[in-house]
Amino acid sequence: MVCILISTMTKLYQKLAKESNALNEYNDCAVKAIAIVCNIKYKEAWSLAKKFGRRPRGRTNSLNVTYPAIKSKGFDCTQLENHKMNKAKTIRGLKALIPSRGVFLVFVRGHILAVRGGEIHDWTEDRCHRIQLIVRVSKKA
(Lines give C-alpha, C1' and ligand atoms only; values in the text may rest on other atoms or scores of the structure.)
Protein backbone atom coordinates (compact mmCIF):
# COMPACT_ATOMS: atom_id res chain seq x y z
CA MET A 1 0.00 0.00 0.00
CA VAL A 2 2.74 2.46 0.92
CA CYS A 3 4.62 1.77 -2.32
CA ILE A 4 1.52 2.67 -4.35
CA LEU A 5 1.03 5.87 -2.38
CA ILE A 6 4.64 6.98 -2.82
CA SER A 7 4.61 6.27 -6.55
CA THR A 8 1.68 8.67 -7.05
CA MET A 9 3.47 11.58 -5.37
CA THR A 10 5.31 14.03 -7.57
CA LYS A 11 9.08 14.24 -7.41
CA LEU A 12 8.83 17.78 -6.04
CA TYR A 13 6.61 16.64 -3.18
CA GLN A 14 8.89 13.65 -2.48
CA LYS A 15 11.88 16.00 -2.25
CA LEU A 16 10.04 18.27 0.19
CA ALA A 17 8.96 15.24 2.25
CA LYS A 18 12.60 14.12 2.54
CA GLU A 19 13.67 17.58 3.71
CA SER A 20 10.79 17.59 6.19
CA ASN A 21 11.80 14.19 7.58
CA ALA A 22 15.42 15.31 7.91
CA LEU A 23 14.21 18.14 10.18
CA ASN A 24 11.98 15.72 12.15
CA GLU A 25 9.02 17.84 11.07
CA TYR A 26 5.38 16.80 10.74
CA ASN A 27 2.02 18.57 10.46
CA ASP A 28 3.76 20.69 7.84
CA CYS A 29 1.45 20.48 4.82
CA ALA A 30 1.21 24.29 4.81
CA VAL A 31 5.00 24.64 4.75
CA LYS A 32 5.19 22.29 1.76
CA ALA A 33 2.36 24.16 0.03
CA ILE A 34 4.11 27.50 0.61
CA ALA A 35 7.34 26.08 -0.83
CA ILE A 36 5.54 24.78 -3.93
CA VAL A 37 3.38 27.82 -4.72
CA CYS A 38 6.20 30.32 -4.06
CA ASN A 39 8.79 28.11 -5.79
CA ILE A 40 11.19 28.28 -2.83
CA LYS A 41 13.16 25.71 -0.83
CA TYR A 42 11.58 23.89 2.10
CA LYS A 43 13.85 25.53 4.70
CA GLU A 44 12.95 29.00 3.42
CA ALA A 45 9.24 28.18 3.52
CA TRP A 46 9.67 26.72 7.02
CA SER A 47 11.39 29.91 8.22
CA LEU A 48 8.72 32.04 6.58
CA ALA A 49 5.91 30.11 8.26
CA LYS A 50 7.74 30.35 11.59
CA LYS A 51 8.08 34.11 11.13
CA PHE A 52 4.30 34.37 10.82
CA GLY A 53 3.59 32.25 13.89
CA ARG A 54 3.84 28.56 13.02
CA ARG A 55 5.39 26.48 15.77
CA PRO A 56 7.70 23.57 14.83
CA ARG A 57 5.68 20.38 14.29
CA GLY A 58 2.49 22.35 14.80
CA ARG A 59 -0.59 22.77 12.64
CA THR A 60 -0.97 25.99 10.69
CA ASN A 61 -3.86 28.44 10.56
CA SER A 62 -4.20 29.39 6.90
CA LEU A 63 -5.51 32.88 7.45
CA ASN A 64 -2.91 33.89 10.02
CA VAL A 65 0.16 32.09 8.69
CA THR A 66 -0.12 30.71 5.16
CA TYR A 67 -1.64 33.72 3.40
CA PRO A 68 0.71 36.32 4.97
CA ALA A 69 3.73 34.09 4.25
CA ILE A 70 2.76 33.76 0.58
CA LYS A 71 1.91 37.46 0.28
CA SER A 72 5.29 38.42 1.79
CA LYS A 73 6.97 36.74 -1.20
CA GLY A 74 5.08 39.02 -3.61
CA PHE A 75 2.04 36.89 -4.43
CA ASP A 76 -1.71 37.47 -4.25
CA CYS A 77 -4.18 34.86 -3.01
CA THR A 78 -7.59 35.01 -4.70
CA GLN A 79 -10.48 32.69 -3.88
CA LEU A 80 -11.87 31.01 -7.00
CA GLU A 81 -15.57 31.46 -7.53
CA ASN A 82 -16.50 30.86 -11.18
CA HIS A 83 -13.83 28.42 -12.29
CA LYS A 84 -14.12 24.93 -13.73
CA MET A 85 -12.07 23.54 -10.82
CA ASN A 86 -14.92 24.43 -8.45
CA LYS A 87 -17.01 21.66 -10.01
CA ALA A 88 -14.79 19.08 -8.31
CA LYS A 89 -16.08 17.84 -4.98
CA THR A 90 -13.01 15.79 -4.02
CA ILE A 91 -9.28 15.73 -4.73
CA ARG A 92 -9.73 12.67 -6.95
CA GLY A 93 -12.30 14.53 -9.05
CA LEU A 94 -10.12 17.64 -9.18
CA LYS A 95 -7.40 15.85 -11.12
CA ALA A 96 -9.31 15.97 -14.42
CA LEU A 97 -10.25 19.67 -14.06
CA ILE A 98 -6.82 21.17 -13.35
CA PRO A 99 -5.66 23.64 -16.02
CA SER A 100 -2.19 23.05 -17.42
CA ARG A 101 -1.09 26.49 -16.23
CA GLY A 102 -1.57 28.22 -12.92
CA VAL A 103 -0.77 27.82 -9.25
CA PHE A 104 -3.44 26.98 -6.68
CA LEU A 105 -3.90 26.13 -3.02
CA VAL A 106 -6.59 23.57 -2.27
CA PHE A 107 -8.05 23.33 1.21
CA VAL A 108 -9.68 20.23 2.62
CA ARG A 109 -10.61 19.69 6.26
CA GLY A 110 -7.41 19.91 8.31
CA HIS A 111 -5.11 19.89 5.26
CA ILE A 112 -3.78 22.12 2.50
CA LEU A 113 -2.14 21.12 -0.77
CA ALA A 114 -0.62 22.78 -3.79
CA VAL A 115 -1.47 22.47 -7.48
CA ARG A 116 1.15 23.73 -9.90
CA GLY A 117 1.75 23.12 -13.59
CA GLY A 118 -1.31 20.93 -13.99
CA GLU A 119 -0.22 18.53 -11.22
CA ILE A 120 -1.34 17.90 -7.67
CA HIS A 121 1.71 18.06 -5.41
CA ASP A 122 0.58 16.09 -2.39
CA TRP A 123 0.03 12.62 -0.98
CA THR A 124 -3.76 13.06 -1.28
CA GLU A 125 -3.74 13.00 -5.09
CA ASP A 126 -5.97 9.93 -5.48
CA ARG A 127 -7.98 10.37 -2.30
CA CYS A 128 -11.60 11.39 -1.79
CA HIS A 129 -10.96 14.30 0.57
CA ARG A 130 -13.79 16.82 0.16
CA ILE A 131 -12.61 20.18 -1.16
CA GLN A 132 -13.59 23.19 0.94
CA LEU A 133 -11.81 26.02 -0.87
CA ILE A 134 -9.60 26.65 -3.90
CA VAL A 135 -7.35 29.71 -4.03
CA ARG A 136 -5.39 31.01 -7.02
CA VAL A 137 -1.86 32.20 -6.20
CA SER A 138 -0.46 34.74 -8.65
CA LYS A 139 2.31 37.34 -8.79
CA LYS A 140 1.29 40.79 -7.67
CA ALA A 141 0.83 43.20 -10.56
# chains A, B, ... in the order shown; residues from 1 in each chain; ligands from 1
>>> residues_around(residues="range 11-23 of chain A", least_positions_apart="4", cutoff="10 Å", atoms="only C-alpha atoms", output="ChimeraX atom specification")
/A:6-7,27-29,31-33,35-36,41-43,46,56-57,114,120-123
>>> write_last_selection(atoms="N, CA and C atoms", output="PDB file, in the first residue's frame")
ATOM      1  N   ILE A   6       3.436   6.225  -2.512  1.00  0.00           N
ATOM      2  CA  ILE A   6       4.637   6.983  -2.823  1.00  0.00           C
ATOM      3  C   ILE A   6       4.791   7.168  -4.329  1.00  0.00           C
ATOM      4  N   SER A   7       4.444   6.166  -5.096  1.00  0.00           N
ATOM      5  CA  SER A   7       4.612   6.266  -6.546  1.00  0.00           C
ATOM      6  C   SER A   7       3.689   7.322  -7.163  1.00  0.00           C
ATOM      7  N   ASN A  27       3.093  17.567  10.484  1.00  0.00           N
ATOM      8  CA  ASN A  27       2.023  18.573  10.464  1.00  0.00           C
ATOM      9  C   ASN A  27       2.455  19.797   9.665  1.00  0.00           C
ATOM     10  N   ASP A  28       3.167  19.582   8.580  1.00  0.00           N
ATOM     11  CA  ASP A  28       3.761  20.690   7.836  1.00  0.00           C
ATOM     12  C   ASP A  28       3.252  20.796   6.400  1.00  0.00           C
ATOM     13  N   CYS A  29       2.002  20.400   6.178  1.00  0.00           N
ATOM     14  CA  CYS A  29       1.449  20.483   4.824  1.00  0.00           C
ATOM     15  C   CYS A  29       1.449  21.930   4.330  1.00  0.00           C
ATOM     16  N   VAL A  31       3.624  24.271   5.102  1.00  0.00           N
ATOM     17  CA  VAL A  31       5.001  24.637   4.752  1.00  0.00           C
ATOM     18  C   VAL A  31       5.331  24.113   3.356  1.00  0.00           C
ATOM     19  N   LYS A  32       4.955  22.870   3.083  1.00  0.00           N
ATOM     20  CA  LYS A  32       5.195  22.290   1.756  1.00  0.00           C
ATOM     21  C   LYS A  32       4.412  23.045   0.688  1.00  0.00           C
ATOM     22  N   ALA A  33       3.167  23.413   0.991  1.00  0.00           N
ATOM     23  CA  ALA A  33       2.356  24.162   0.029  1.00  0.00           C
ATOM     24  C   ALA A  33       2.963  25.533  -0.247  1.00  0.00           C
ATOM     25  N   ALA A  35       6.138  26.325  -0.027  1.00  0.00           N
ATOM     26  CA  ALA A  35       7.338  26.081  -0.829  1.00  0.00           C
ATOM     27  C   ALA A  35       6.987  25.856  -2.301  1.00  0.00           C
ATOM     28  N   ILE A  36       5.925  25.105  -2.545  1.00  0.00           N
ATOM     29  CA  ILE A  36       5.538  24.785  -3.930  1.00  0.00           C
ATOM     30  C   ILE A  36       4.963  25.998  -4.637  1.00  0.00           C
ATOM     31  N   LYS A  41      12.710  26.921  -1.515  1.00  0.00           N
ATOM     32  CA  LYS A  41      13.160  25.712  -0.826  1.00  0.00           C
ATOM     33  C   LYS A  41      12.359  25.491   0.456  1.00  0.00           C
ATOM     34  N   TYR A  42      12.339  24.244   0.911  1.00  0.00           N
ATOM     35  CA  TYR A  42      11.579  23.887   2.097  1.00  0.00           C
ATOM     36  C   TYR A  42      12.024  24.705   3.307  1.00  0.00           C
ATOM     37  N   LYS A  43      13.341  24.810   3.524  1.00  0.00           N
ATOM     38  CA  LYS A  43      13.850  25.534   4.702  1.00  0.00           C
ATOM     39  C   LYS A  43      13.405  26.989   4.688  1.00  0.00           C
ATOM     40  N   TRP A  46       9.781  27.026   5.598  1.00  0.00           N
ATOM     41  CA  TRP A  46       9.667  26.721   7.021  1.00  0.00           C
ATOM     42  C   TRP A  46       9.968  27.972   7.856  1.00  0.00           C
ATOM     43  N   PRO A  56       7.168  24.826  15.390  1.00  0.00           N
ATOM     44  CA  PRO A  56       7.700  23.573  14.833  1.00  0.00           C
ATOM     45  C   PRO A  56       6.795  22.394  15.177  1.00  0.00           C
ATOM     46  N   ARG A  57       6.533  21.567  14.178  1.00  0.00           N
ATOM     47  CA  ARG A  57       5.683  20.380  14.291  1.00  0.00           C
ATOM     48  C   ARG A  57       4.255  20.713  14.709  1.00  0.00           C
ATOM     49  N   ALA A 114      -0.942  21.875  -2.690  1.00  0.00           N
ATOM     50  CA  ALA A 114      -0.623  22.776  -3.787  1.00  0.00           C
ATOM     51  C   ALA A 114      -0.858  22.097  -5.133  1.00  0.00           C
ATOM     52  N   ILE A 120      -1.098  17.814  -9.105  1.00  0.00           N
ATOM     53  CA  ILE A 120      -1.344  17.898  -7.670  1.00  0.00           C
ATOM     54  C   ILE A 120      -0.059  17.476  -6.978  1.00  0.00           C
ATOM     55  N   HIS A 121       0.465  18.349  -6.127  1.00  0.00           N
ATOM     56  CA  HIS A 121       1.708  18.060  -5.412  1.00  0.00           C
ATOM     57  C   HIS A 121       1.382  17.730  -3.963  1.00  0.00           C
ATOM     58  N   ASP A 122       0.951  16.488  -3.739  1.00  0.00           N
ATOM     59  CA  ASP A 122       0.581  16.088  -2.392  1.00  0.00           C
ATOM     60  C   ASP A 122       0.339  14.589  -2.347  1.00  0.00           C
ATOM     61  N   TRP A 123       0.297  14.046  -1.157  1.00  0.00           N
ATOM     62  CA  TRP A 123       0.027  12.624  -0.976  1.00  0.00           C
ATOM     63  C   TRP A 123      -1.457  12.298  -1.153  1.00  0.00           C
TER      64      TRP A 123
END
>>> select_by_dssp(residues="chain A", states="alpha helix (DSSP H)", output="PyMOL selection string")
chain A and resi 2-8+11-22+29-38+42-51+67-72+91-94
>>> closest_residue(among="A:Ser62, A:Thr10, A:Thr78, A:Thr124", to="Gly93 in chain A", atoms="only C-alpha atoms")
A:Thr124
>>> closest_residue(among="A:Leu105, A:Leu97, A:Leu80, A:Cys128", to="Ala30 in chain A", atoms="only C-alpha atoms")
A:Leu105
>>> residues_around(residues="Lys87 in chain A", least_positions_apart="6", cutoff="12 Å", atoms="only C-alpha atoms", output="PyMOL selection string")
chain A and resi 80-81+93-98+130-134
>>> write_last_selection(atoms="N, CA and C atoms", output="mmCIF file, in the first residue's frame")
data_model
loop_
_atom_site.group_PDB
_atom_site.id
_atom_site.type_symbol
_atom_site.label_atom_id
_atom_site.label_comp_id
_atom_site.auth_asym_id
_atom_site.auth_seq_id
_atom_site.Cartn_x
_atom_site.Cartn_y
_atom_site.Cartn_z
ATOM 1 N N LEU A 80 -11.202 31.292 -5.726
ATOM 2 C CA LEU A 80 -11.865 31.013 -7.002
ATOM 3 C C LEU A 80 -13.361 30.900 -6.783
ATOM 4 N N GLU A 81 -14.125 31.551 -7.640
ATOM 5 C CA GLU A 81 -15.574 31.457 -7.535
ATOM 6 C C GLU A 81 -16.189 30.841 -8.780
ATOM 7 N N GLY A 93 -11.561 13.912 -7.958
ATOM 8 C CA GLY A 93 -12.305 14.528 -9.055
ATOM 9 C C GLY A 93 -11.633 15.780 -9.597
ATOM 10 N N LEU A 94 -10.823 16.416 -8.778
ATOM 11 C CA LEU A 94 -10.124 17.639 -9.184
ATOM 12 C C LEU A 94 -9.085 17.371 -10.264
ATOM 13 N N LYS A 95 -8.498 16.209 -10.219
ATOM 14 C CA LYS A 95 -7.397 15.850 -11.121
ATOM 15 C C LYS A 95 -7.719 16.123 -12.589
ATOM 16 N N ALA A 96 -8.913 15.804 -13.023
ATOM 17 C CA ALA A 96 -9.306 15.975 -14.423
ATOM 18 C C ALA A 96 -9.624 17.427 -14.791
ATOM 19 N N LEU A 97 -9.831 18.293 -13.799
ATOM 20 C CA LEU A 97 -10.246 19.673 -14.056
ATOM 21 C C LEU A 97 -9.129 20.703 -13.905
ATOM 22 N N ILE A 98 -7.929 20.243 -13.576
ATOM 23 C CA ILE A 98 -6.820 21.172 -13.353
ATOM 24 C C ILE A 98 -6.324 21.731 -14.683
ATOM 25 N N ARG A 130 -12.857 15.812 0.670
ATOM 26 C CA ARG A 130 -13.789 16.820 0.164
ATOM 27 C C ARG A 130 -13.144 18.193 0.156
ATOM 28 N N ILE A 131 -13.202 18.853 -0.990
ATOM 29 C CA ILE A 131 -12.613 20.182 -1.162
ATOM 30 C C ILE A 131 -13.500 21.224 -0.490
ATOM 31 N N GLN A 132 -12.872 22.099 0.296
ATOM 32 C CA GLN A 132 -13.593 23.186 0.940
ATOM 33 C C GLN A 132 -13.376 24.520 0.235
ATOM 34 N N LEU A 133 -12.159 24.733 -0.280
ATOM 35 C CA LEU A 133 -11.811 26.021 -0.869
ATOM 36 C C LEU A 133 -10.656 25.856 -1.836
ATOM 37 N N ILE A 134 -10.710 26.600 -2.951
ATOM 38 C CA ILE A 134 -9.597 26.652 -3.899
ATOM 39 C C ILE A 134 -9.186 28.108 -4.048
#
>>> residues_around(residues="Tyr67 in chain A", least_positions_apart="5", cutoff="10 Å", atoms="only C-alpha atoms", output="count of residues only")
11
